[in-house]
file input-v7.cif (mmCIF, C-alpha atoms)
data_my_file
loop_
_atom_site.label_atom_id
_atom_site.label_comp_id
_atom_site.auth_asym_id
_atom_site.auth_seq_id
_atom_site.Cartn_x
_atom_site.Cartn_y
_atom_site.Cartn_z
CA MET A 117 15.84 -9.07 6.29
CA TRP A 118 14.26 -6.96 3.58
CA HIS A 119 12.47 -3.82 4.74
CA THR A 120 11.94 -0.61 2.87
CA SER A 121 12.31 2.81 4.38
CA ALA A 122 9.60 5.41 4.01
CA GLY A 123 11.82 7.26 1.52
CA GLN A 124 12.23 4.16 -0.65
CA LEU A 125 8.48 3.56 -0.55
CA VAL A 126 7.78 7.12 -1.63
CA ARG A 127 10.25 6.83 -4.53
CA VAL A 128 8.58 3.62 -5.75
CA TRP A 129 5.10 5.15 -5.58
CA VAL A 130 6.25 8.36 -7.29
CA MET A 131 7.86 6.35 -10.10
CA THR A 132 4.65 4.31 -10.43
CA LEU A 133 2.54 7.45 -10.53
CA VAL A 134 4.80 9.08 -13.15
CA GLY A 135 4.62 5.94 -15.29
CA LEU A 136 0.84 5.74 -15.06
CA CYS A 137 0.45 9.46 -15.77
CA ALA A 138 2.78 9.16 -18.78
CA ALA A 139 0.79 6.20 -20.12
CA ALA A 140 -2.64 7.81 -19.68
CA PRO A 141 -2.41 10.33 -22.59
CA VAL A 142 -1.15 7.62 -24.94
CA MET A 143 -4.07 5.39 -24.04
CA ALA A 144 -6.59 8.22 -24.32
CA GLN A 145 -5.39 9.00 -27.89
CA ALA A 146 -5.17 5.38 -29.06
CA THR A 147 -7.39 4.27 -31.92
CA LEU A 148 -8.91 0.88 -31.38
CA ASP A 149 -9.35 -1.87 -33.95
CA PRO A 150 -13.10 -2.21 -34.74
CA GLN A 151 -12.77 -6.00 -34.37
CA ASP A 152 -11.21 -5.61 -30.92
CA PRO A 153 -13.80 -5.06 -28.18
CA GLY A 154 -11.20 -2.97 -26.34
CA PRO A 155 -10.86 -2.43 -22.64
CA ALA A 156 -13.81 -2.47 -20.30
CA TYR A 157 -12.96 1.06 -19.19
CA GLU A 158 -11.84 4.00 -21.32
CA VAL A 159 -9.29 6.35 -19.80
CA ASP A 160 -10.56 9.93 -19.51
CA LEU A 161 -7.72 12.31 -18.63
CA GLU A 162 -10.00 14.78 -16.86
CA VAL A 163 -11.16 12.05 -14.49
CA ASP A 164 -8.28 9.60 -14.35
CA LEU A 165 -5.30 11.89 -13.78
CA PRO A 166 -6.77 13.39 -10.59
CA LEU A 167 -7.71 9.86 -9.49
CA LEU A 168 -4.02 8.98 -9.75
CA ILE A 169 -2.56 12.20 -8.37
CA VAL A 170 -4.78 12.78 -5.29
CA PRO A 171 -4.04 9.45 -3.54
CA ALA A 172 -0.37 9.73 -4.49
CA VAL A 173 -0.20 13.11 -2.76
CA ILE A 174 -1.95 11.64 0.29
CA MET A 175 0.60 8.83 0.32
CA LEU A 176 3.41 11.36 0.49
CA GLY A 177 2.35 11.75 4.12
CA TRP A 178 3.85 8.35 4.95
CA PRO A 179 7.37 9.74 5.50
CA LEU A 180 5.81 11.97 8.16
CA SER A 181 5.21 8.83 10.21
CA ASP A 182 8.89 8.91 11.16
CA SER A 183 8.25 12.16 13.01
CA LEU A 184 5.38 10.72 15.08
CA PRO A 185 5.97 9.54 18.63
CA PRO A 186 6.12 5.79 19.36
CA PRO A 187 2.93 4.08 20.59
CA HIS A 188 1.42 5.52 23.77
CA CYS A 189 2.23 2.31 25.63
CA ALA A 190 5.81 1.82 24.36
CA PRO A 191 7.93 -0.11 24.94
CA LEU A 192 5.38 -2.73 26.08
CA CYS A 193 1.57 -2.60 25.92
CA SER A 194 -0.70 -4.45 28.32
CA THR A 195 -2.98 -7.15 26.90
CA GLU A 196 -5.56 -6.33 29.53
CA GLY A 197 -8.76 -5.15 27.92
CA LEU A 198 -7.96 -6.38 24.39
CA ASN A 199 -10.99 -7.55 22.47
CA ALA A 200 -11.43 -11.19 21.42
CA LEU A 201 -10.44 -10.45 17.83
CA ASP A 202 -7.10 -8.84 18.72
CA ALA A 203 -6.10 -11.05 21.66
CA PRO A 204 -4.85 -14.09 19.64
CA ALA A 205 -2.44 -11.91 17.62
CA ALA A 206 -1.20 -9.82 20.55
CA GLY A 207 2.52 -10.28 21.07
CA LEU A 208 3.23 -12.15 17.84
CA TYR A 209 6.49 -11.29 16.07
CA SER A 210 8.46 -13.05 13.37
CA GLU A 211 11.07 -11.50 11.07
CA ALA A 212 10.56 -14.40 8.65
CA TRP A 213 6.79 -13.83 8.42
CA SER A 214 7.36 -10.10 8.03
CA THR A 215 9.70 -10.71 5.10
CA LEU A 216 7.32 -13.26 3.59
CA SER A 217 4.49 -10.75 3.89
CA ASP A 218 6.53 -8.08 2.08
CA ILE A 219 7.42 -10.53 -0.69
CA GLY A 220 3.82 -11.74 -0.98
CA VAL A 221 2.49 -8.23 -1.46
CA GLY A 222 5.23 -7.51 -4.00
CA VAL A 223 4.27 -10.62 -5.98
CA LEU A 224 0.58 -9.67 -5.87
CA LEU A 225 1.29 -6.14 -7.11
CA ALA A 226 3.62 -7.40 -9.85
CA SER A 227 0.99 -9.95 -10.91
CA ALA A 228 -1.69 -7.26 -11.04
CA ALA A 229 0.55 -5.30 -13.40
CA ALA A 230 1.51 -8.31 -15.55
CA VAL A 231 -1.77 -10.21 -15.98
CA PRO A 232 -3.51 -7.62 -18.20
CA PHE A 233 -0.63 -7.89 -20.69
CA MET A 234 -1.14 -11.65 -20.89
CA ASP A 235 -4.79 -11.31 -21.83
CA GLU A 236 -5.10 -8.08 -23.84
CA ALA A 237 -3.52 -5.95 -26.51
CA PRO A 238 -0.78 -3.73 -25.02
CA LEU A 239 -2.77 -0.45 -25.19
CA ASP A 240 -5.81 -2.12 -23.64
CA ALA A 241 -3.59 -3.59 -20.91
CA LEU A 242 -2.07 -0.15 -20.20
CA ASN A 243 -5.58 1.26 -20.03
CA ASP A 244 -6.55 -1.35 -17.43
CA LEU A 245 -3.28 -0.74 -15.60
CA VAL A 246 -4.37 2.85 -14.94
CA VAL A 247 -7.53 1.55 -13.24
CA ILE A 248 -5.53 -1.03 -11.26
CA GLY A 249 -3.10 1.70 -10.23
CA GLN A 250 -5.96 3.90 -9.08
CA ALA A 251 -7.40 1.10 -6.95
CA ILE A 252 -4.05 0.38 -5.31
CA LEU A 253 -3.20 4.05 -4.75
CA TRP A 254 -6.60 4.78 -3.15
CA ALA A 255 -6.40 1.65 -0.96
CA GLU A 256 -2.93 2.64 0.26
CA ALA A 257 -3.98 6.27 0.80
CA ALA A 258 -6.96 5.11 2.90
CA ALA A 259 -4.72 2.78 4.91
CA ILE A 260 -2.18 5.55 5.60
CA LEU A 261 -4.82 8.08 6.63
CA THR A 262 -6.59 5.58 8.89
CA ALA A 263 -3.38 4.29 10.49
CA MET A 264 -2.14 7.80 11.22
CA ALA A 265 -5.52 8.85 12.61
CA SER A 266 -6.13 5.77 14.79
CA ARG A 267 -2.51 5.17 15.94
CA ARG A 268 -3.36 1.65 17.03
CA PRO A 269 -0.35 -0.32 18.37
CA ARG A 270 0.91 -3.24 16.29
CA PRO A 271 0.71 -6.77 17.76
CA ILE A 272 4.48 -6.68 18.41
CA MET A 273 3.84 -4.13 21.15
CA TYR A 274 2.23 -6.74 23.42
CA SER A 275 5.32 -8.87 24.12
CA GLU A 276 9.08 -8.56 24.29
CA LEU A 277 9.67 -10.89 21.32
CA ALA A 278 10.36 -7.96 18.98
CA PRO A 279 13.59 -6.03 19.55
CA LEU A 280 13.21 -2.93 21.72
CA GLU A 281 14.34 -0.63 18.88
CA THR A 282 11.55 -2.05 16.68
CA ARG A 283 8.93 -1.55 19.38
CA ASN A 284 10.05 2.05 19.94
CA LYS A 285 9.70 3.03 16.26
CA PRO A 286 6.89 5.44 15.40
CA ASP A 287 5.33 3.03 12.90
CA SER A 288 4.77 0.55 15.75
CA ALA A 289 1.66 2.63 16.43
CA LEU A 290 0.35 2.36 12.86
CA SER A 291 -1.36 -1.01 12.83
CA PHE A 292 -4.91 -0.34 11.69
CA PHE A 293 -5.65 -0.89 8.95
CA SER A 294 -2.97 -2.89 7.21
CA GLY A 295 -1.42 -1.43 4.08
CA HIS A 296 -0.42 -4.95 3.02
CA THR A 297 -4.05 -6.08 3.27
CA ALA A 298 -5.30 -2.96 1.49
CA SER A 299 -2.90 -3.54 -1.42
CA ALA A 300 -3.73 -7.23 -1.63
CA PHE A 301 -7.47 -6.59 -1.83
CA ALA A 302 -7.18 -3.65 -4.23
#
call {"tool": "encode", "arguments": {"input": "input-v7.cif", "output": "structure tokens"}}
result
Amino acid sequence: MWHTSAGQLVRVWVMTLVGLCAAAPVMAQATLDPQDPGPAYEVDLEVDLPLLIVPAVIMLGWPLSDSLPPPHCAPLCSTEGLNALDAPAAGLYSEAWSTLSDIGVGVLLASAAAVPFMDEAPLDALNDLVVIGQAILWAEAAAILTAMASRRPRPIMYSELAPLETRNKPDSALSFFSGHTASAFA
């Protein structure tokens, strides 16, 4: 089973942020070929660096989730009173689907980084990569802030299918809204 720890996630996002920040000045200084229409968006360091750094700093709060208590209803939440939207998912748990979800998001993020290089000149692709990075970082920052503020139990909390140690983890209370979904739509 492939799962990343909060520390590994932070390292990946910090490396991504450093790479995007390092690429931004190069793109801002690049001279474009007059025949090349160039990227749809021009990187402006005064605007774009803060738009990369602020959500990255917010995301550094994710390791704090390990210090939060488990869900209020741990180790097992009652399905009584669940709304019609949540009820069908309550109690679902599958390690295979969890792994597939992680891989799917990884493929989407890798594709988002690779596709611009297939269609554009390298400097234009790097320029667009800054904008893509900003969208993903802000989506993840919003998901982290919302999940920590709402502390909504994950569907695994509504049955005993998931191992007890999984249901007692602090991130079992960080269901809404999904970081995987936020990344996929960014």
call {"tool": "residues_around", "arguments": {"input": "input-v7.cif", "residues": "Gly295 of chain A", "least_positions_apart": "4", "cutoff": "10 Å", "atoms": "all atoms listed in the file", "output": "ChimeraX atom specification"}}
result
/A:221,252,255-260,262-263,290-291,299-301
call {"tool": "atom_distance", "arguments": {"input": "input-v7.cif", "atom1": "atom CA of Ala156 of chain A", "atom2": "atom CA of Thr297 of chain A"}}
result
25.8 Å
call {"tool": "closest_residue", "arguments": {"input": "input-v7.cif", "among": "A:Leu280, A:Ala251, A:Ile272, A:Ala302", "to": "Ala206 of chain A", "atoms": "all atoms listed in the file"}}
result
A:Ile272
call {"tool": "closest_residue", "arguments": {"input": "input-v7.cif", "among": "A:Gly220, A:Pro232, A:Pro186, A:Pro271", "to": "Ala203 of chain A", "atoms": "all atoms listed in the file"}}
result
A:Pro271
call {"tool": "atom_distance", "arguments": {"input": "input-v7.cif", "atom1": "atom CA of Ser183 of chain A", "atom2": "atom CA of Pro286 of chain A"}}
result
7.3 Å
call {"tool": "resolve_selection", "arguments": {"input": "input-v7.cif", "expression": "the PyMOL selection byres ((chain A and resi 214) around 12)", "output": "ChimeraX atom specification"}}
result
/A:117-120,208-213,215-221,272,278,296
call {"tool": "decode", "arguments": {"input": "input-v7.cif", "residues": "segment 158-169 of chain A", "atoms": "all heavy atoms", "output": "PDB file, in the first residue's frame"}}
result
ATOM      1  N   GLU A 158       1.857  36.162 -19.081  1.00  0.00           N
ATOM      2  CA  GLU A 158       3.241  36.537 -18.824  1.00  0.00           C
ATOM      3  C   GLU A 158       3.503  36.537 -17.321  1.00  0.00           C
ATOM      4  O   GLU A 158       2.747  37.126 -16.555  1.00  0.00           O
ATOM      5  CB  GLU A 158       3.528  37.940 -19.374  1.00  0.00           C
ATOM      6  CG  GLU A 158       3.566  38.006 -20.882  1.00  0.00           C
ATOM      7  CD  GLU A 158       4.736  37.255 -21.484  1.00  0.00           C
ATOM      8  OE1 GLU A 158       5.811  37.214 -20.872  1.00  0.00           O
ATOM      9  OE2 GLU A 158       4.552  36.697 -22.578  1.00  0.00           O
ATOM     10  N   VAL A 159       4.570  35.900 -16.915  1.00  0.00           N
ATOM     11  CA  VAL A 159       4.937  35.855 -15.499  1.00  0.00           C
ATOM     12  C   VAL A 159       5.394  37.239 -15.060  1.00  0.00           C
ATOM     13  O   VAL A 159       6.190  37.889 -15.724  1.00  0.00           O
ATOM     14  CB  VAL A 159       6.057  34.823 -15.248  1.00  0.00           C
ATOM     15  CG1 VAL A 159       6.610  34.931 -13.850  1.00  0.00           C
ATOM     16  CG2 VAL A 159       5.534  33.418 -15.505  1.00  0.00           C
ATOM     17  N   ASP A 160       4.851  37.702 -13.949  1.00  0.00           N
ATOM     18  CA  ASP A 160       5.238  38.965 -13.323  1.00  0.00           C
ATOM     19  C   ASP A 160       5.688  38.617 -11.905  1.00  0.00           C
ATOM     20  O   ASP A 160       4.878  38.207 -11.075  1.00  0.00           O
ATOM     21  CB  ASP A 160       4.052  39.926 -13.307  1.00  0.00           C
ATOM     22  CG  ASP A 160       4.362  41.260 -12.647  1.00  0.00           C
ATOM     23  OD1 ASP A 160       5.471  41.431 -12.101  1.00  0.00           O
ATOM     24  OD2 ASP A 160       3.479  42.137 -12.676  1.00  0.00           O
ATOM     25  N   LEU A 161       6.982  38.770 -11.645  1.00  0.00           N
ATOM     26  CA  LEU A 161       7.533  38.332 -10.360  1.00  0.00           C
ATOM     27  C   LEU A 161       6.835  38.966  -9.163  1.00  0.00           C
ATOM     28  O   LEU A 161       6.651  38.317  -8.139  1.00  0.00           O
ATOM     29  CB  LEU A 161       9.027  38.634 -10.301  1.00  0.00           C
ATOM     30  CG  LEU A 161       9.905  37.813 -11.241  1.00  0.00           C
ATOM     31  CD1 LEU A 161      11.361  38.226 -11.102  1.00  0.00           C
ATOM     32  CD2 LEU A 161       9.747  36.337 -10.990  1.00  0.00           C
ATOM     33  N   GLU A 162       6.456  40.222  -9.280  1.00  0.00           N
ATOM     34  CA  GLU A 162       5.809  40.893  -8.143  1.00  0.00           C
ATOM     35  C   GLU A 162       4.474  40.262  -7.803  1.00  0.00           C
ATOM     36  O   GLU A 162       4.036  40.304  -6.655  1.00  0.00           O
ATOM     37  CB  GLU A 162       5.625  42.382  -8.444  1.00  0.00           C
ATOM     38  CG  GLU A 162       6.920  43.161  -8.467  1.00  0.00           C
ATOM     39  CD  GLU A 162       6.698  44.643  -8.756  1.00  0.00           C
ATOM     40  OE1 GLU A 162       5.557  45.122  -8.585  1.00  0.00           O
ATOM     41  OE2 GLU A 162       7.669  45.293  -9.147  1.00  0.00           O
ATOM     42  N   VAL A 163       3.815  39.701  -8.786  1.00  0.00           N
ATOM     43  CA  VAL A 163       2.506  39.078  -8.571  1.00  0.00           C
ATOM     44  C   VAL A 163       2.649  37.575  -8.362  1.00  0.00           C
ATOM     45  O   VAL A 163       2.067  37.009  -7.438  1.00  0.00           O
ATOM     46  CB  VAL A 163       1.569  39.364  -9.767  1.00  0.00           C
ATOM     47  CG1 VAL A 163       0.264  38.605  -9.633  1.00  0.00           C
ATOM     48  CG2 VAL A 163       1.321  40.852  -9.919  1.00  0.00           C
ATOM     49  N   ASP A 164       3.434  36.936  -9.222  1.00  0.00           N
ATOM     50  CA  ASP A 164       3.455  35.479  -9.252  1.00  0.00           C
ATOM     51  C   ASP A 164       4.226  34.817  -8.113  1.00  0.00           C
ATOM     52  O   ASP A 164       3.827  33.744  -7.658  1.00  0.00           O
ATOM     53  CB  ASP A 164       3.985  35.000 -10.601  1.00  0.00           C
ATOM     54  CG  ASP A 164       2.994  35.314 -11.705  1.00  0.00           C
ATOM     55  OD1 ASP A 164       1.838  34.889 -11.573  1.00  0.00           O
ATOM     56  OD2 ASP A 164       3.359  35.994 -12.681  1.00  0.00           O
ATOM     57  N   LEU A 165       5.298  35.409  -7.645  1.00  0.00           N
ATOM     58  CA  LEU A 165       6.010  34.793  -6.522  1.00  0.00           C
ATOM     59  C   LEU A 165       5.151  34.735  -5.265  1.00  0.00           C
ATOM     60  O   LEU A 165       5.066  33.674  -4.640  1.00  0.00           O
ATOM     61  CB  LEU A 165       7.342  35.498  -6.258  1.00  0.00           C
ATOM     62  CG  LEU A 165       8.477  35.113  -7.215  1.00  0.00           C
ATOM     63  CD1 LEU A 165       9.739  35.895  -6.885  1.00  0.00           C
ATOM     64  CD2 LEU A 165       8.749  33.632  -7.210  1.00  0.00           C
ATOM     65  N   PRO A 166       4.478  35.829  -4.885  1.00  0.00           N
ATOM     66  CA  PRO A 166       3.582  35.701  -3.715  1.00  0.00           C
ATOM     67  C   PRO A 166       2.454  34.691  -3.947  1.00  0.00           C
ATOM     68  O   PRO A 166       2.037  34.003  -3.017  1.00  0.00           O
ATOM     69  CB  PRO A 166       3.020  37.109  -3.529  1.00  0.00           C
ATOM     70  CG  PRO A 166       4.019  38.005  -4.165  1.00  0.00           C
ATOM     71  CD  PRO A 166       4.604  37.224  -5.310  1.00  0.00           C
ATOM     72  N   LEU A 167       1.977  34.588  -5.200  1.00  0.00           N
ATOM     73  CA  LEU A 167       0.915  33.630  -5.495  1.00  0.00           C
ATOM     74  C   LEU A 167       1.404  32.187  -5.423  1.00  0.00           C
ATOM     75  O   LEU A 167       0.598  31.259  -5.351  1.00  0.00           O
ATOM     76  CB  LEU A 167       0.293  33.902  -6.867  1.00  0.00           C
ATOM     77  CG  LEU A 167      -0.579  35.153  -6.938  1.00  0.00           C
ATOM     78  CD1 LEU A 167      -1.059  35.400  -8.362  1.00  0.00           C
ATOM     79  CD2 LEU A 167      -1.771  35.045  -5.995  1.00  0.00           C
ATOM     80  N   LEU A 168       2.701  31.983  -5.435  1.00  0.00           N
ATOM     81  CA  LEU A 168       3.272  30.661  -5.207  1.00  0.00           C
ATOM     82  C   LEU A 168       3.596  30.445  -3.735  1.00  0.00           C
ATOM     83  O   LEU A 168       3.371  29.366  -3.182  1.00  0.00           O
ATOM     84  CB  LEU A 168       4.561  30.479  -6.027  1.00  0.00           C
ATOM     85  CG  LEU A 168       4.406  30.307  -7.522  1.00  0.00           C
ATOM     86  CD1 LEU A 168       5.766  30.442  -8.206  1.00  0.00           C
ATOM     87  CD2 LEU A 168       3.764  28.975  -7.855  1.00  0.00           C
ATOM     88  N   ILE A 169       4.120  31.465  -3.095  1.00  0.00           N
ATOM     89  CA  ILE A 169       4.620  31.328  -1.728  1.00  0.00           C
ATOM     90  C   ILE A 169       3.494  31.265  -0.693  1.00  0.00           C
ATOM     91  O   ILE A 169       3.524  30.433   0.212  1.00  0.00           O
ATOM     92  CB  ILE A 169       5.617  32.464  -1.410  1.00  0.00           C
ATOM     93  CG1 ILE A 169       6.877  32.275  -2.281  1.00  0.00           C
ATOM     94  CG2 ILE A 169       5.976  32.484   0.066  1.00  0.00           C
ATOM     95  CD1 ILE A 169       7.823  33.450  -2.262  1.00  0.00           C
TER      96      ILE A 169
END
